[in-house]
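S.K.: Encoded as structure tokens, here's the structure I'll be asking about.
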Amino acid sequence: MKHPLSLFSALCALAFPVDRAAAADPPPNIVWIVVDDMSCHFGYQGEPLARTPHVDRLAKEGVVFARAYATAPVCSAFRTAMITSMWQTAVGGHHHRSGRGELKITLPAKVKTIPELLREAGYFTTIADAGGERKGKQDYNFAYDESALYDGIDPAQRAEGQPFFAQYQLRGGKLRNVEKSYEEVRAGLETLVDPNAVKLPPYYPDHPVIREDWAQYLDSVNYTDVEVGRILGRLREQGLLRNTAVFFLTDHGISHARGKQFLYEEGIHIPFVVWGPGLVPGGTVRDDLVALIDLGAASLQLAGIAVPDWMQGRPLFGPDARPRDFVVSARDRCDETVDRIRCVRAGDFKYIRNDFPNRPYLQPNRYKDAKPFMPVLRELFAVGKLDAAQSLQLAETRPEEELYDLASDPWEIHNLAADPARRERLAEMRSLLANWELDSDDRGRFPESEAMYDSDMALYLNQGKKKDPAAKAELEANIALMKRWRAEGR
């Protein structure tokens, strides 16, 4: 699929001509724009209420990876994988916000982060927020020396002629549900999304609170585009877009009942666009499966750096590209809430394995239960006002296995795991996942030690005590429940 060269692209080519041969192939600059808590709801993806001209322009002039998947549906586990180009389950960083207490997690000796590898190759490395004035979010589940990864926050501080690697971390979907942040969105947009115009997924009930929440989410999508425009504009004004590849992505899907923390499409299918005139083929859409650990390997590849043998991410361009036959995502403990879910997508099929089938999908979780949609969903379910699809996530137990044909059932409502006609497909997907767990050394096969859990929970409880005694009490109750269920083998 091709798009014609736009005026913007032509102007960039005139302002920043790329002649790698004449310049002895200077290393390109690498920019990552990473957004929190956002699913596939940009204009280029067909969302009618999205007004996202800057991201859409990147998509039109760059490479769109239409089947890109987060390796985890929660921030820190995904970011651990992103920054190492390794499955978070392979480096021990699969539990959300783990290793933050007295006990620490260290990376395997052979593993280095992407910023470290780029620095070794002569790159100036930065990490900043959307405004480019403060450090950006890191949130890695391992002990590290920040100064070994990053030189600063502004790529303009580099030495003359030095290539740079810049990460920009945007708040994305976190801009909603927080009044101060949403005030910034209101002030930054000319028009807000009308809740009455929102079209909800069929697995959510049509309720004013949920409509308002979803409208605010779409406002955050539109404001994220404004921030992307500012970042690109600032780089352009500083003359830093010449010979530069821009990667745009989100860390996982929308924070909602079936999104963040879960392995349905809403939680792990994410936007992923690469733009770079003269560096990547412009105006293309690719349907091959991509795991977002491939981001790091692709960045090294474009920088002319050999991808290490130990790295699980794969290059995406040129003769070294190795398309994937399947992708895997993993959910493990999120804050105090213990869980273990794995999924594999191959072709149009998605297989999900729930390792705690006797627990509810929506186990108690202080973070998620504070969202405005959660009390509404629980109340409507309790009084029988949800239909079958809307009740799925509220069930008190879950099937051990789920199988979905995404071509005919994109909302993942009809579980085919018990269908005799799908027995062979189920066995095939089950085998793919089991072999991946062994081949990739999925450490989630083994329960987290009680000592590590207690170490992280001690930190959580201290944070909660400082903020809100009621929140601390809720967290203590959830921790006690997790321990009781573990003792009961549930």
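So you can find residues: chains in the structure tokens are A, B, ... in the order shown, residues in each start at 1, and ligands are numbered from 1 in order.
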May I have all residues of stretch 357-449 of chain A that DSSP, computed from the backbone, assigns to helix (DSSP H, G or I), given as a ChimeraX atom specification?

M.R.: /A:366-369,373-382,388-394,420-439,443-445

S.K.: Export, as a compact mmCIF listing (two decimals), in the first residue's frame, the selected residues with N, CA and C atoms.

M.R.:
# COMPACT_ATOMS: atom_id res chain seq x y z
N ARG A 366 -5.88 -1.88 43.66
CA ARG A 366 -6.17 -0.51 44.10
C ARG A 366 -6.08 0.49 42.95
N TYR A 367 -5.10 0.32 42.08
CA TYR A 367 -4.93 1.23 40.94
C TYR A 367 -6.15 1.18 40.02
N LYS A 368 -6.52 -0.01 39.63
CA LYS A 368 -7.60 -0.13 38.64
C LYS A 368 -8.96 0.17 39.26
N ASP A 369 -9.16 -0.22 40.51
CA ASP A 369 -10.45 0.00 41.15
C ASP A 369 -10.74 1.48 41.39
N PHE A 373 -14.75 4.05 35.77
CA PHE A 373 -15.60 3.07 35.12
C PHE A 373 -15.79 1.81 35.96
N MET A 374 -14.88 1.53 36.90
CA MET A 374 -14.94 0.27 37.62
C MET A 374 -16.17 0.15 38.52
N PRO A 375 -16.50 1.14 39.38
CA PRO A 375 -17.72 1.00 40.18
C PRO A 375 -18.97 0.86 39.33
N VAL A 376 -19.01 1.54 38.20
CA VAL A 376 -20.17 1.45 37.31
C VAL A 376 -20.32 0.04 36.77
N LEU A 377 -19.24 -0.54 36.29
CA LEU A 377 -19.30 -1.90 35.75
C LEU A 377 -19.72 -2.90 36.82
N ARG A 378 -19.15 -2.79 38.00
CA ARG A 378 -19.48 -3.74 39.07
C ARG A 378 -20.95 -3.60 39.50
N GLU A 379 -21.42 -2.36 39.57
CA GLU A 379 -22.80 -2.14 39.98
C GLU A 379 -23.78 -2.68 38.93
N LEU A 380 -23.53 -2.40 37.66
CA LEU A 380 -24.42 -2.88 36.61
C LEU A 380 -24.42 -4.40 36.53
N PHE A 381 -23.27 -4.99 36.76
CA PHE A 381 -23.19 -6.45 36.74
C PHE A 381 -23.98 -7.05 37.91
N ALA A 382 -23.87 -6.43 39.08
CA ALA A 382 -24.54 -6.94 40.27
C ALA A 382 -26.05 -6.94 40.13
N ALA A 388 -24.30 -10.50 27.75
CA ALA A 388 -23.30 -11.56 27.86
C ALA A 388 -21.89 -11.05 27.56
N ALA A 389 -21.76 -10.25 26.50
CA ALA A 389 -20.43 -9.73 26.14
C ALA A 389 -19.91 -8.78 27.21
N GLN A 390 -20.80 -7.95 27.77
CA GLN A 390 -20.38 -6.97 28.77
C GLN A 390 -20.09 -7.62 30.12
N SER A 391 -20.56 -8.83 30.30
CA SER A 391 -20.34 -9.54 31.57
C SER A 391 -19.06 -10.36 31.58
N LEU A 392 -18.43 -10.54 30.42
CA LEU A 392 -17.27 -11.44 30.33
C LEU A 392 -16.19 -11.09 31.34
N GLN A 393 -15.83 -9.81 31.42
CA GLN A 393 -14.71 -9.42 32.27
C GLN A 393 -15.07 -9.39 33.75
N LEU A 394 -16.36 -9.49 34.05
CA LEU A 394 -16.80 -9.45 35.44
C LEU A 394 -16.97 -10.84 36.04
N PRO A 420 -15.05 -28.25 19.01
CA PRO A 420 -14.35 -29.41 18.44
C PRO A 420 -13.73 -29.13 17.07
N ALA A 421 -14.35 -28.24 16.30
CA ALA A 421 -13.83 -27.93 14.98
C ALA A 421 -12.51 -27.16 15.05
N ARG A 422 -12.18 -26.60 16.23
CA ARG A 422 -10.96 -25.82 16.40
C ARG A 422 -9.92 -26.57 17.23
N ARG A 423 -10.13 -27.87 17.44
CA ARG A 423 -9.23 -28.63 18.30
C ARG A 423 -7.78 -28.60 17.80
N GLU A 424 -7.62 -28.76 16.49
CA GLU A 424 -6.27 -28.78 15.92
C GLU A 424 -5.61 -27.42 16.04
N ARG A 425 -6.36 -26.36 15.76
CA ARG A 425 -5.82 -25.02 15.90
C ARG A 425 -5.43 -24.73 17.35
N LEU A 426 -6.29 -25.14 18.28
CA LEU A 426 -6.00 -24.93 19.70
C LEU A 426 -4.70 -25.62 20.10
N ALA A 427 -4.52 -26.85 19.66
CA ALA A 427 -3.30 -27.59 20.00
C ALA A 427 -2.07 -26.91 19.40
N GLU A 428 -2.20 -26.42 18.18
CA GLU A 428 -1.09 -25.74 17.53
C GLU A 428 -0.68 -24.49 18.29
N MET A 429 -1.67 -23.68 18.70
CA MET A 429 -1.38 -22.44 19.42
C MET A 429 -0.82 -22.74 20.81
N ARG A 430 -1.36 -23.74 21.45
CA ARG A 430 -0.87 -24.15 22.77
C ARG A 430 0.60 -24.56 22.68
N SER A 431 0.94 -25.28 21.63
CA SER A 431 2.31 -25.74 21.44
C SER A 431 3.26 -24.57 21.15
N LEU A 432 2.81 -23.60 20.34
CA LEU A 432 3.63 -22.42 20.07
C LEU A 432 4.00 -21.71 21.36
N LEU A 433 3.02 -21.54 22.23
CA LEU A 433 3.27 -20.83 23.48
C LEU A 433 4.19 -21.63 24.39
N ALA A 434 3.93 -22.93 24.52
CA ALA A 434 4.76 -23.77 25.40
C ALA A 434 6.22 -23.78 24.94
N ASN A 435 6.43 -23.87 23.64
CA ASN A 435 7.81 -23.87 23.12
C ASN A 435 8.47 -22.50 23.32
N TRP A 436 7.69 -21.44 23.13
CA TRP A 436 8.24 -20.09 23.35
C TRP A 436 8.68 -19.92 24.80
N GLU A 437 7.90 -20.41 25.73
CA GLU A 437 8.26 -20.27 27.14
C GLU A 437 9.63 -20.89 27.43
N LEU A 438 9.88 -22.04 26.83
CA LEU A 438 11.16 -22.72 27.03
C LEU A 438 12.27 -22.02 26.25
N ASP A 439 12.01 -21.73 24.98
CA ASP A 439 13.04 -21.14 24.11
C ASP A 439 13.48 -19.76 24.60
N ARG A 443 10.69 -16.57 32.72
CA ARG A 443 10.85 -16.75 34.17
C ARG A 443 9.52 -16.72 34.91
N GLY A 444 8.48 -16.30 34.21
CA GLY A 444 7.16 -16.34 34.82
C GLY A 444 6.63 -17.74 35.01
N ARG A 445 7.33 -18.74 34.48
CA ARG A 445 6.93 -20.14 34.74
C ARG A 445 7.01 -20.46 36.23

S.K.: Identify, on the basis of only C-alpha atoms, every residue whose closest approach to A:Val74 does not exceed 10 Å; exclude the query and any residue fewer than 6 positions from it along the same chain; express the result as an NGL selection string.

M.R.: :A and (36-37 or 94-97 or 251-253 or 255 or 259-262 or 267-268 or 330-334)

S.K.: Measuring between only C-alpha atoms, which one of A:Lys112, A:Leu475, A:Glu336, A:Asp213 shows the shortest distance to A:Asp145?

M.R.: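 For A:Asp145, the nearest of the given residues is A:Lys112.
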
S.K.: Would you return as an mmCIF file with C-alpha atoms, in the first residue's frame the members of stretch 20-228 of chain A that DSSP assigns to strand (DSSP E) on this structure's backbone?

M.R.:
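See part_20.cif below for the written result:
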data_model
loop_
_atom_site.group_PDB
_atom_site.id
_atom_site.type_symbol
_atom_site.label_atom_id
_atom_site.label_comp_id
_atom_site.auth_asym_id
_atom_site.auth_seq_id
_atom_site.Cartn_x
_atom_site.Cartn_y
_atom_site.Cartn_z
ATOM 1 C CA ASN A 29 19.702 10.124 14.520
ATOM 2 C CA ILE A 30 17.127 7.970 16.303
ATOM 3 C CA VAL A 31 14.031 9.435 18.009
ATOM 4 C CA TRP A 32 11.532 7.437 20.050
ATOM 5 C CA ILE A 33 8.178 9.035 20.928
ATOM 6 C CA VAL A 34 6.597 6.718 23.508
ATOM 7 C CA VAL A 35 3.036 7.325 24.736
ATOM 8 C CA VAL A 63 6.081 2.814 7.577
ATOM 9 C CA VAL A 64 2.962 1.721 9.444
ATOM 10 C CA PHE A 65 3.213 -1.604 11.234
ATOM 11 C CA ALA A 66 -0.446 -2.555 11.415
ATOM 12 C CA ARG A 67 0.072 -5.663 13.586
ATOM 13 C CA ALA A 68 2.389 -4.432 16.321
ATOM 14 C CA TYR A 69 2.038 -5.839 19.827
ATOM 15 C CA PHE A 124 24.507 11.339 22.479
ATOM 16 C CA THR A 125 21.551 9.893 24.401
ATOM 17 C CA THR A 126 18.658 11.813 25.957
ATOM 18 C CA ILE A 127 15.333 11.200 27.643
ATOM 19 C CA ALA A 128 12.757 13.944 28.169
ATOM 20 C CA ASP A 129 9.085 14.643 28.691
ATOM 21 C CA PHE A 164 21.845 11.457 18.877
ATOM 22 C CA PHE A 165 19.296 9.073 20.339
ATOM 23 C CA ALA A 166 16.358 10.935 21.897
ATOM 24 C CA GLN A 167 13.440 9.450 23.829
ATOM 25 C CA TYR A 168 10.323 11.528 24.462
ATOM 26 C CA GLN A 169 7.874 10.151 27.006
ATOM 27 C CA LEU A 170 4.271 11.356 26.702
#

S.K.: Rounded to one decimal, what separation in Å do you get between atom CA of A:Ala298 and atom CA of A:Trp87?

M.R.: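 Interatomic distance, atom CA of A:Ala298 to atom CA of A:Trp87: 15.3 Å.
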
S.K.: Write out as a PyMOL selection string the residues lying within 8 Å of A:Val111, counting only C-alpha atoms and excluding same-chain residues fewer than 2 positions away.

M.R.: chain A and resi 84+107-109+113+310-311

S.K.: If you keep C-alpha atoms, can you produce a file of those selected residues as a PDB file, in the first residue's frame?

M.R.:
ATOM      1  CA  THR A  84      16.648  -4.025  26.445  1.00  0.00           C
ATOM      2  CA  LEU A 107      19.903  -7.725  34.267  1.00  0.00           C
ATOM      3  CA  PRO A 108      21.713 -10.840  33.025  1.00  0.00           C
ATOM      4  CA  ALA A 109      25.422 -10.078  32.645  1.00  0.00           C
ATOM      5  CA  THR A 113      20.315  -1.470  27.252  1.00  0.00           C
ATOM      6  CA  TRP A 310      21.812 -12.426  22.720  1.00  0.00           C
ATOM      7  CA  MET A 311      19.151  -9.888  21.755  1.00  0.00           C
TER       8      MET A 311
END

S.K.: Do you have the atom CA of A:Tyr361-atom CA of A:Leu289 distance handy?

M.R.: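 Atom CA of A:Leu289 lies 26.8 Å from atom CA of A:Tyr361.
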
S.K.: Tell me which protein, DNA and RNA residues are within 9 Å of A:Gly276, counting only C-alpha atoms, leaving out same-chain ones fewer than 5 positions away, and put them as JSON, numbers by chain.

M.R.: {"A": [58, 61, 62, 63, 241, 242, 243, 244, 245, 246, 247, 281, 282]}

S.K.: Check the smallest atom-to-atom distance from each of A:Asp454, A:Asp309, A:Glu212, A:Asp294 to A:Lys110 using only C-alpha atoms, then report the winner.

M.R.: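 So, comparing all the options, the nearest one is A:Asp309.
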
S.K.: So how many Å separate atom CA of A:Arg171 and atom CA of A:Arg234, to one decimal?

M.R.: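 It comes out at 18.4 Å.
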
S.K.: Any idea what's packed within 9 Å of stretch 479-488 of chain A, counting only C-alpha atoms, ignoring anything in its chain fewer than 4 positions away? Could you give it as a list in words?

M.R.: Glu336, Thr337, Val338, Arg359, Pro364, Met457, Glu474 and Leu475 of chain A

S.K.: So that I have them on file, write out the residues from the current selection with C-alpha atoms, as a short mmCIF file (atom, residue, chain, number, x, y, z; two decimals), in the first residue's frame.

M.R.:
data_model
loop_
_atom_site.label_atom_id
_atom_site.label_comp_id
_atom_site.auth_asym_id
_atom_site.auth_seq_id
_atom_site.Cartn_x
_atom_site.Cartn_y
_atom_site.Cartn_z
CA GLU A 336 -0.21 -5.98 44.58
CA THR A 337 -2.37 -8.16 42.33
CA VAL A 338 -0.86 -11.54 41.46
CA ARG A 359 -9.68 -16.17 40.23
CA PRO A 364 -8.99 -6.44 43.55
CA MET A 457 4.75 -4.44 49.01
CA GLU A 474 -7.27 -1.09 50.86
CA LEU A 475 -3.80 -2.13 49.74
#
